[in-house]
Amino acid sequence: MTAGPKLVSILRQGPYLIASIHTALDDGQMVRFQEDLIEQIGRCRSRGVIIDVAALDVLDSFGSRTLRTTAEMARLRGAVTVIVGIQPDVAFAMVSLGMGTGTVETALDLEEGLAYLDTLRTRSAPDGRVRGPR
Amino acid sequence: MTTDQNSTSGHLASGTTLDQIQDDQLLPQLVAHLREHRTRLRQEWAGRIQEAGLLHAMTPQEMAAETTSVYDNYVEVLETGSVEALQRYARDLSERIIPRGVETHEVVGIVLLLRDVLARSLFEKYQGGFGLLNRVLDAYEPAANRIANTVAVSFVDERERVIRQQQDSIRELSTPVLPVRERLLILPIIGVLDSERARQLTEQLLTAIRTHRAKVVVVDITGVPDVDEAVANHLVQTVDASRLMGASVIITGLSPEIAQTLVTIGVDLSKMDTIGDLQGGLEEAERLLGYTVTRENGMASP
């Protein structure tokens, strides 16, 4: 593990996991973040994941692809993913370069993301299973 | 060239006093002549302007004042050879007369008229010696042409500046992002949507989404005259970028013609939520946000 301040924090919040990326990650760090997150979903039995990218002012194609695949993996492990806090500049750059988040849900900020996951839970079946996106 | 001519004319007309004037004294003499006959020449010029039907946007008093200043500036440039003062004056004058609808051809015409009036008076003064007249004109013409050029350029520059300024203000005015309800924005687009404007518009929208924490945005394109593939792609990008910020976009104001065009050219708008008019779009947006609008009984239609 690299020394110095943590680049990513993964916090447990009730049935959800909140992963905040604090700074731009290189490809290796991104992959490690993905592995950590997927592993944590199983350990915490999380039903929803929020990835907060508000601190990022750049997001390259590898980064957005990793976020997409992370969401897909999380879904297979039983958690819905919401990406929150994409900055206006980043959103515009992503769209101009033709990279999106695919079918992954996005929300304005952490609060909105939590609200979205809550609505999914109230609408979900009695056995507690969360509906997938779309 | 000049020295050549000087020697020839000097040789041919030796003996006459006028021809013995040195070259460097020609211009000061000319300027003195123009100063001396200032009133008469200015009036003649003003008469020519009226004859030609130029500048009817101005009152006679204004015209008298302006022609006097132009005349003085003109003579000054002939004297000093520096066009800077004239440039400043011409810009200032243009600033005053452009809003009143004075056209480029009028301004150029007026300056050329002055050039002709002064040239005629020179012909008259130096009619005795052809050689000397030639030398005087050699000194006069380049300066006069430079003046005409300067005035025309200053006028056009000023006009372009005004046009640019207006374009900027139109651009700013034409992309308002308006909050209509909490978390609901409308963005009416009016005018041609080129890629530069589309970029600016998307940027403004994204910023507004963040500041207003908007969940739904209604983009109304009733005022966009032509929707082609490029414009449609801009719209798709705007919708995608807004979605990344967590807001859904409803496009309204697609006329039957535009719908037909889009289908014919095969733009993929399947990802876009479209509704015929702004009213419908607002109703749908309110539904998405959970608003219900009811009308009290007894307050029915007028």
# chains A, B, ... in the order shown; residues from 1 in each chain; ligands from 1
call {"tool": "interface_residues", "arguments": {"of": "chain A", "to": "chain B", "cutoff": "10 Å", "atoms": "only C-alpha atoms", "output": "ChimeraX atom specification"}}
result
/A:82-96,98-102,104-109,112-113
call {"tool": "select_by_dssp", "arguments": {"residues": "range 149-206 of chain B", "states": "alpha helix (DSSP H)", "output": "count of residues only"}}
result
37
call {"tool": "residues_around", "arguments": {"residues": "Pro225 in chain B", "least_positions_apart": "6", "cutoff": "10 Å", "atoms": "only C-alpha atoms", "output": "PyMOL selection string"}}
result
chain B and resi 190-193+258
call {"tool": "residues_around", "arguments": {"residues": "range 28-40 of chain A", "least_positions_apart": "5", "cutoff": "10 Å", "atoms": "only C-alpha atoms", "output": "list in words"}}
result
Met1, Thr2, Leu7, Val8, Ser9, Ile10, Leu11, Arg12, Leu17, Ile18, Ala19, Ile21, Arg45, Ser46, Val49, Ile51, Phe62, Gly63, Thr66, Leu67, Thr69, Thr70, Ala71, Met73, Ala74, Arg75, Leu76, Arg77 and Ala79 of chain A
call {"tool": "residues_around", "arguments": {"residues": "Tyr140 in chain B", "least_positions_apart": "5", "cutoff": "10 Å", "atoms": "only C-alpha atoms", "output": "JSON, numbers by chain"}}
result
{"B": [26, 27, 30, 31, 78, 115, 118, 119, 122, 134, 135, 145]}
call {"tool": "write_last_selection", "arguments": {"atoms": "C-alpha atoms", "output": "short mmCIF file (atom, residue, chain, number, x, y, z; two decimals), in the first residue's frame"}}
result
data_model
loop_
_atom_site.label_atom_id
_atom_site.label_comp_id
_atom_site.auth_asym_id
_atom_site.auth_seq_id
_atom_site.Cartn_x
_atom_site.Cartn_y
_atom_site.Cartn_z
CA LEU B 26 5.23 72.98 -51.35
CA LEU B 27 3.13 71.36 -48.66
CA LEU B 30 -0.58 74.34 -49.87
CA VAL B 31 -1.72 74.17 -46.26
CA LEU B 78 -1.68 67.43 -44.73
CA ARG B 115 -10.53 65.63 -51.71
CA LEU B 118 -9.55 70.82 -52.55
CA ALA B 119 -7.93 69.44 -55.69
CA LEU B 122 -5.40 73.72 -56.30
CA ASN B 134 2.12 68.51 -61.09
CA ARG B 135 4.53 68.84 -58.19
CA ASN B 145 -5.57 59.22 -50.35
#
call {"tool": "atom_distance", "arguments": {"atom1": "CA of Gln43 in chain B", "atom2": "CA of Glu62 in chain B"}}
result
13.7 Å
